[in-house]
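Chemist: First the structure, then my questions, so here it is.
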Amino acid sequence: MLEISNLRLPLDAGLSHGEDLVRRRIAKAIGCDSLRIADMRLLKRSVDARKKNDVHFVATYAFSLTGADELDAARRGCKPPAHLKLHEPYAGYRPRRLQRRPATRPVVVGTGPAGLFAAWALAKAGACPLVVERGECVDARLESVARFNGGGPLDPDSNIQFGEGGAGTFSDGKLTTNIKNPRCKDVLHIFAEAGAPEEILWQAKPHIGTDLLVDVVRRMREEIVAMGGEVRFGARFESPCFADGSLESISVVDVKTGRAECVRARHLVLACGHSARDTFQVVHDAGLFMERKPFSVGVRIEHPQKLIDRSQYGKAASHPALGAADYKLAVHLESGRGVYTFCMCPGGEVVCAASEEGGVCVNGMSRFAREGRNANAAVLVGVEDRDLPGDSVLAGVELQRMMERAAYEAAGSTYAAPAQYVGDFLAHRASDGPVDEGVDPTYARGVAWCDLRQVLPEFVSRSIEGALPLLDRRLRGFASKTAVMTGVETRSSSPVRIVRQKDTMQAVFHEGVDSSQGGSGVYPCGEGAGYAGGIMSAAVDGLRVAEALIDALACEEERG
Ligand code: FAD
């Protein structure tokens, strides 16, 4: 088969009857009769909206050229800017296979994308992992989150952050990433095989949506179990026990009964996510080396989705082949601070992402169809060392916690969120209620209108104030008076890194505590460990860590 990339296509090519149009465009680019183009398959498609009066698709297709030597055709090439080459089909993900089940099975902490993919790869290799997850299985978790959104209490072990699927389950399910790793393709295929929509394989900005993600996550867990793994919910990893610098066992607590169990473990994948603050403390107390890591804090902003569509796509905004538009903006202030938008959720809603009682933090999610009235995104400011309360390695966690408590109290200590219109924020006056034409906030527990300056650290308010007009120049309407900001966004990334060795991927001890020749046996993994940011990179890190662990198990097998 051949592969043609950088193929410019009109938006109509994205409609159900657009196939013929694509065939003709490919034929034109390579200079042949369109009847010879067969077995067309879309491999990648993005929207080029740089010129608002010329919004179009740019696509890559695989196809057969009937009655021709394809190698020869590939050598001859095609009309630029399109590019033609032989197509290499996807070979599938095949981790090294162990000869037999390990005497002591590896343990995976967490079923977020990092833990889930690590466990899935370990199970596929024949390592029969035990997976412990403090939260509930996805079906029970859906109910807990719905109860909370309806005004119920916060369950510190099962919420938007914790439970099957991890932080990404209630998300937009965006799978975009800045990392360039061949495993990204594997992740997309594994997701698709577990029931994610096929289009994630070709969308330039793939996303699954929370409504479909729950099924995908459930199916991946079922596969892990079918391949010999075990998954325990409501089971919190509490502490590790080392002998001569190597892991010997862990303590796992049943969150309902509080009963602790000692589980023999020589290999532990620690994929606890960035919100497991108690687990960070455990790791720190156990003497594993942790360091501070850059992170950001801020607010979530909501606009009408129609405003974003118009700003991004101009007149083409109503074209049926275009979905809800997204954006990604960044500015650098004279103060030296960077302010950027993050985790934009088209047609989505703002959710309470708290995992600790007495604290409020927000994030965004959307369903696959992205049909909600509002668009939301985080507006984040980079935190610098001088902003942190104290010198402790966990000072970033403390800053997050202080902001979350301030937000909780400012909004009446009911898990409502503090909110303010952009116009009021820029005019230094508190918002005191909904206004005509104002964006209607989507946060389920309701908002308390206020002055966000009372909640945010001064460097955050000042930076957002400086950034809003500049961001408005990049996206018209971004700083419109009636846009709503909801606070606080504190969990966009991990404030710490659990340091691991590059080659073995195992955690190292603080100075003064010897690590054994064989390594600590703890494999920090994913976002909480500071090695990922987002669903895709966490999943990729899960695969990488699993591969390193499988190598270690295979070496042990060879040594007998
Ligand atoms: P997590 O997903 O945080 O998973 C960690 C898991 O470990 C949790 O299930 C937790 O319950 C469990 N755990 C923690 N401590 C313990 C313990 N001691 N014992 C047992 N289990 C434990 N990213 C994107 O790329 N795209 C998006 O659209 C997107 N939207 C988001 C929307 C929301 C509302 C949120 C909260 C996050 C969103 N993110 C998004 C971020 C993304 O979810 C995370 O980057 C990703 O989930 C990190 O994966 P992880 O596996 O490292 O950790």
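Residues are referred to by chain and number: the chain letter is A, B, ... according to the order shown in the structure tokens, the number counts from 1 in that chain, and ligands are numbered separately from 1 in the order shown.
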Ligand 1: which residues are within 6 Å, counting only C-alpha atoms and all ligand atoms? Reply as a ChimeraX atom specification.
Modeler: /A:109-115,132-135,160-168,170-175,235-238,271-274,276,279,343,353,363-365,526-528,533-536,538
Chemist: Give me, as number ranges by chain, all polymer residues having an atom no more than 12 Å from Arg45 of chain A, counting only C-alpha atoms and skipping those fewer than 4 positions away in the same chain.
Modeler: A: 4-11, 13-14, 41, 56-61, 199-206, 321-322
Chemist: Those same residues, written as a compact mmCIF listing (two decimals), in the first residue's frame with N, CA and C atoms?
Modeler:
# COMPACT_ATOMS: atom_id res chain seq x y z
N ILE A 4 -0.10 8.68 1.42
CA ILE A 4 0.05 10.07 0.97
C ILE A 4 -0.24 10.98 2.17
N SER A 5 0.69 11.90 2.43
CA SER A 5 0.51 12.80 3.58
C SER A 5 0.48 14.24 3.10
N ASN A 6 0.14 15.14 4.02
CA ASN A 6 0.05 16.58 3.71
C ASN A 6 -0.90 16.85 2.55
N LEU A 7 -1.98 16.11 2.51
CA LEU A 7 -2.98 16.25 1.45
C LEU A 7 -4.01 17.28 1.91
N ARG A 8 -4.12 18.33 1.14
CA ARG A 8 -5.06 19.40 1.49
C ARG A 8 -6.46 19.02 1.00
N LEU A 9 -7.45 19.13 1.89
CA LEU A 9 -8.81 18.72 1.52
C LEU A 9 -9.83 19.75 1.97
N PRO A 10 -10.88 19.96 1.17
CA PRO A 10 -11.94 20.87 1.63
C PRO A 10 -12.71 20.23 2.79
N LEU A 11 -13.41 21.05 3.57
CA LEU A 11 -14.12 20.52 4.73
C LEU A 11 -15.17 19.48 4.34
N ALA A 13 -14.88 17.08 2.56
CA ALA A 13 -14.28 15.74 2.54
C ALA A 13 -14.55 15.02 3.86
N GLY A 14 -14.91 15.77 4.89
CA GLY A 14 -15.18 15.16 6.20
C GLY A 14 -16.63 14.74 6.36
N ARG A 41 -7.76 4.39 3.35
CA ARG A 41 -7.96 4.41 4.81
C ARG A 41 -7.35 5.68 5.39
N HIS A 56 -9.49 24.43 6.24
CA HIS A 56 -9.53 23.17 5.49
C HIS A 56 -8.88 22.05 6.29
N PHE A 57 -8.97 20.85 5.79
CA PHE A 57 -8.31 19.71 6.42
C PHE A 57 -6.94 19.47 5.79
N VAL A 58 -6.03 18.89 6.57
CA VAL A 58 -4.78 18.36 6.03
C VAL A 58 -4.75 16.89 6.48
N ALA A 59 -4.58 15.99 5.51
CA ALA A 59 -4.79 14.58 5.85
C ALA A 59 -3.70 13.66 5.33
N THR A 60 -3.64 12.48 5.93
CA THR A 60 -2.77 11.40 5.47
C THR A 60 -3.66 10.18 5.22
N TYR A 61 -3.51 9.56 4.06
CA TYR A 61 -4.30 8.37 3.72
C TYR A 61 -3.38 7.23 3.29
N GLU A 199 -11.95 6.68 15.59
CA GLU A 199 -11.39 7.95 15.07
C GLU A 199 -10.20 8.44 15.88
N ILE A 200 -9.98 7.91 17.09
CA ILE A 200 -8.78 8.36 17.83
C ILE A 200 -7.52 7.94 17.09
N LEU A 201 -7.65 6.94 16.20
CA LEU A 201 -6.48 6.48 15.46
C LEU A 201 -6.07 7.47 14.37
N TRP A 202 -7.00 8.33 13.93
CA TRP A 202 -6.63 9.27 12.86
C TRP A 202 -6.80 10.75 13.21
N GLN A 203 -7.50 11.05 14.28
CA GLN A 203 -7.65 12.47 14.64
C GLN A 203 -6.29 13.04 15.05
N ALA A 204 -5.98 14.24 14.59
CA ALA A 204 -4.73 14.88 15.01
C ALA A 204 -4.80 15.23 16.49
N LYS A 205 -6.02 15.53 16.96
CA LYS A 205 -6.20 15.82 18.39
C LYS A 205 -7.25 14.85 18.93
N PRO A 206 -6.86 13.60 19.13
CA PRO A 206 -7.86 12.61 19.54
C PRO A 206 -8.39 12.87 20.94
N ALA A 321 -18.72 19.33 9.37
CA ALA A 321 -17.56 18.44 9.51
C ALA A 321 -16.62 18.92 10.61
N LEU A 322 -16.87 20.11 11.13
CA LEU A 322 -16.01 20.62 12.21
C LEU A 322 -16.70 20.40 13.55
Chemist: Would you mind telling me which residue in A:Ser144, A:Gln312, A:Thr414, A:Gln420 lies nearest to Lys51 of chain A when using only C-alpha atoms?
Modeler: A:Gln312
Chemist: Can you tell me, as a ChimeraX atom specification, what residues are no more than 9 Å from Val362 of chain A when counting only C-alpha atoms, ignoring any on the same chain fewer than 3 positions away?
Modeler: /A:299-300,350-354,378,417,443,486-491
Chemist: Could you write out the selected residues, including C-alpha atoms, as a PDB file, in the first residue's frame?
Modeler:
ATOM      1  CA  VAL A 299      -8.242  29.295  37.699  1.00  0.00           C
ATOM      2  CA  ARG A 300     -10.602  27.767  35.137  1.00  0.00           C
ATOM      3  CA  VAL A 350     -16.130  22.495  35.164  1.00  0.00           C
ATOM      4  CA  VAL A 351     -15.872  19.827  37.867  1.00  0.00           C
ATOM      5  CA  CYS A 352     -14.824  19.687  41.485  1.00  0.00           C
ATOM      6  CA  ALA A 353     -11.524  17.777  41.479  1.00  0.00           C
ATOM      7  CA  ALA A 354     -11.005  17.778  45.255  1.00  0.00           C
ATOM      8  CA  ALA A 378      -7.353  26.326  32.944  1.00  0.00           C
ATOM      9  CA  ALA A 417     -16.575  27.109  44.026  1.00  0.00           C
ATOM     10  CA  TYR A 443     -19.843  23.730  38.102  1.00  0.00           C
ATOM     11  CA  THR A 486     -13.787  29.649  38.786  1.00  0.00           C
ATOM     12  CA  GLY A 487     -11.187  28.795  41.387  1.00  0.00           C
ATOM     13  CA  VAL A 488      -8.891  27.207  42.122  1.00  0.00           C
ATOM     14  CA  GLU A 489      -6.998  25.108  39.626  1.00  0.00           C
ATOM     15  CA  THR A 490      -4.191  23.508  41.617  1.00  0.00           C
ATOM     16  CA  ARG A 491      -3.893  19.948  40.326  1.00  0.00           C
TER      17      ARG A 491
END
Chemist: Grab the atom CA of Val522 of chain A to atom CA of Ser246 of chain A distance for me, in Å with one decimal place.
Modeler: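 Answer for the atom CA of Val522 of chain A to atom CA of Ser246 of chain A separation: 8.4 Å.
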Chemist: Could you pull out the strand (DSSP E or B) residues of segment 166-382 of chain A, going by DSSP on the backbone, and write them as a PyMOL selection string?
Modeler: chain A and resi 174+203+207+230-233+235-243+246-254+260-264+268-270+288+290-292+296-304+330-332+338-345+349-352+362-365+374-382
Chemist: Can you measure atom CA of Asp385 of chain A to atom CA of His428 of chain A for me? One decimal in Å is fine.
Modeler: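 Atom CA of His428 of chain A lies 27.3 Å from atom CA of Asp385 of chain A.
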Chemist: Counting only C-alpha atoms, which of A:Ser46, A:Thr257, A:Asn53, A:Ser480 gets nearest to Lys315 of chain A?
Modeler: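 Ranked by minimum distance to Lys315 of chain A, first place goes to A:Asn53.
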Chemist: Can you list, as JSON, numbers by chain, every protein, DNA or RNA residue that comes within 8 Å of Val55 of chain A when you count only C-alpha atoms, leaving out same-chain residues fewer than 3 positions away?
Modeler: {"A": [10, 11, 47, 48, 49, 50, 51, 52, 313, 316]}
Chemist: Kindly give the distance, in Å, that separates atom CA of His510 of chain A and atom CA of His284 of chain A, rounded to a single decimal.
Modeler: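 Pair atom CA of His510 of chain A / atom CA of His284 of chain A returns 9.1 Å.
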Chemist: Which residues are close to segment 396-410 of chain A, i.e. within 7 Å by only C-alpha atoms, leaving aside same-chain residues fewer than 3 positions away? Reply as a short mmCIF file (atom, residue, chain, number, x, y, z; two decimals) with N, CA and C atoms, in the first residue's frame.
Modeler:
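The result, written out as selection.cif:
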data_model
loop_
_atom_site.label_atom_id
_atom_site.label_comp_id
_atom_site.auth_asym_id
_atom_site.auth_seq_id
_atom_site.Cartn_x
_atom_site.Cartn_y
_atom_site.Cartn_z
N GLY A 358 -12.64 19.62 52.97
CA GLY A 358 -12.33 21.00 53.34
C GLY A 358 -11.49 21.73 52.32
N GLY A 359 -11.45 21.22 51.10
CA GLY A 359 -10.71 21.90 50.04
C GLY A 359 -11.48 21.85 48.73
N VAL A 360 -11.38 22.91 47.94
CA VAL A 360 -12.02 22.92 46.62
C VAL A 360 -10.95 23.20 45.57
N CYS A 361 -10.93 22.36 44.53
CA CYS A 361 -10.14 22.69 43.35
C CYS A 361 -10.95 22.26 42.14
N LEU A 388 6.78 29.38 47.29
CA LEU A 388 6.41 28.22 48.12
C LEU A 388 6.53 28.51 49.60
N PRO A 389 5.64 27.93 50.40
CA PRO A 389 5.70 28.14 51.85
C PRO A 389 6.73 27.19 52.48
N SER A 413 -17.83 27.02 52.45
CA SER A 413 -17.53 25.69 53.02
C SER A 413 -18.59 24.65 52.69
N TYR A 415 -18.42 23.09 49.33
CA TYR A 415 -17.90 22.56 48.05
C TYR A 415 -18.45 23.31 46.84
N ALA A 417 -17.87 26.56 44.44
CA ALA A 417 -16.58 27.11 44.03
C ALA A 417 -16.65 28.63 43.93
N PRO A 418 -15.59 29.32 44.34
CA PRO A 418 -15.59 30.78 44.19
C PRO A 418 -15.47 31.16 42.71
N VAL A 455 -8.85 34.88 47.24
CA VAL A 455 -8.59 33.44 47.29
C VAL A 455 -7.20 33.10 46.74
N LEU A 456 -6.82 33.80 45.68
CA LEU A 456 -5.58 33.46 44.97
C LEU A 456 -4.37 34.14 45.60
N GLY A 487 -12.45 29.18 40.74
CA GLY A 487 -11.19 28.80 41.39
C GLY A 487 -11.34 27.56 42.25
N VAL A 488 -10.24 26.96 42.60
CA VAL A 488 -8.89 27.21 42.12
C VAL A 488 -8.41 25.98 41.36
N THR A 490 -5.47 23.78 40.94
CA THR A 490 -4.19 23.51 41.62
C THR A 490 -3.57 22.17 41.22
N PRO A 495 3.63 18.47 41.94
CA PRO A 495 4.66 19.39 42.45
C PRO A 495 5.93 18.67 42.90
#
Chemist: Just list the residues in segment 28-218 of chain A DSSP gives helix (DSSP H, G or I) on the backbone, as a PyMOL selection string.
Modeler: chain A and resi 28-30+34-36+70-76+113-124+138-149+166-168+183-193+198-201+210-218
Chemist: Would you pick out the contacts of segment 27-35 of chain A at 9 Å or less, using only C-alpha atoms, so that residues sharing its chain but fewer than 4 positions from it are not included, and give the list as a short mmCIF file (atom, residue, chain, number, x, y, z; two decimals) with C-alpha atoms, in the first residue's frame?
Modeler:
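Saved the output as out-v9.cif:
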data_model
loop_
_atom_site.label_atom_id
_atom_site.label_comp_id
_atom_site.auth_asym_id
_atom_site.auth_seq_id
_atom_site.Cartn_x
_atom_site.Cartn_y
_atom_site.Cartn_z
CA ILE A 4 0.05 10.07 0.97
CA LEU A 7 -2.98 16.25 1.45
CA ASP A 20 -15.21 10.36 -3.67
CA VAL A 22 -10.81 12.43 -1.37
CA ARG A 23 -10.23 9.79 -4.06
CA THR A 66 -4.43 -0.92 -8.67
CA ALA A 73 4.96 4.91 -7.76
CA ARG A 76 8.11 8.87 -8.53
CA GLY A 77 6.33 10.73 -5.73
CA CYS A 78 3.47 13.18 -6.13
CA LYS A 79 2.58 16.83 -6.53
CA PRO A 80 3.84 18.93 -3.57
CA ALA A 82 1.64 16.27 -0.60
CA HIS A 83 4.18 13.51 0.00
CA LEU A 84 4.02 9.88 -1.14
#
Chemist: Give me, as a compact mmCIF listing (two decimals) with C-alpha atoms, in the first residue's frame, all polymer residues having an atom no more than 12 Å from Pro153 of chain A, counting only C-alpha atoms and skipping those fewer than 2 positions away in the same chain.
Modeler:
# COMPACT_ATOMS: atom_id res chain seq x y z
CA SER A 144 -20.13 8.27 44.19
CA VAL A 145 -19.22 11.21 41.97
CA ALA A 146 -22.88 11.73 40.99
CA ARG A 147 -23.83 11.69 44.70
CA PHE A 148 -21.15 14.26 45.46
CA ASN A 149 -22.18 16.48 42.54
CA GLY A 150 -25.74 16.29 43.81
CA GLY A 151 -24.70 17.70 47.19
CA ASP A 155 -15.30 10.46 49.71
CA PRO A 156 -11.53 11.01 50.12
CA ASP A 157 -10.82 7.61 48.52
CA SER A 158 -13.29 7.70 45.63
CA ASN A 159 -13.79 10.95 43.76
CA ALA A 354 -11.01 17.78 45.25
CA SER A 355 -9.75 14.68 47.05
CA GLU A 356 -9.33 16.17 50.52
CA GLU A 357 -12.17 17.24 52.79
CA GLY A 358 -12.33 21.00 53.34
CA SER A 413 -17.53 25.69 53.02
CA THR A 414 -20.08 23.71 51.01
CA TYR A 415 -17.90 22.56 48.05
CA ARG A 445 -22.22 22.27 43.22
Chemist: Please determine, counting only C-alpha atoms, which residue among A:Ile250, A:Ile301, A:Met1, A:Leu380 has the shortest atom-to-atom distance to Ala483 of chain A.
Modeler: A:Ile301
Chemist: Here is a test: counting only C-alpha atoms, which residue of A:His303, A:Lys124, A:Lys44, A:Arg429 is nearest to Trp449 of chain A?
Modeler: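 Of the candidates, the smallest distance to Trp449 of chain A is held by A:Arg429.
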Chemist: Between A:Ala369, A:Leu116, A:Leu42, A:Ala479, which one has atoms that come closest to Asp541 of chain A, using only C-alpha atoms?
Modeler: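 For Asp541 of chain A, the nearest of the given residues is A:Leu116.
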Chemist: Measuring between only C-alpha atoms, which one of A:Pro304, A:Pro457, A:Pro102, A:Gly560 shows the shortest distance to Phe478 of chain A?
Modeler: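 For Phe478 of chain A, the nearest of the given residues is A:Pro304.
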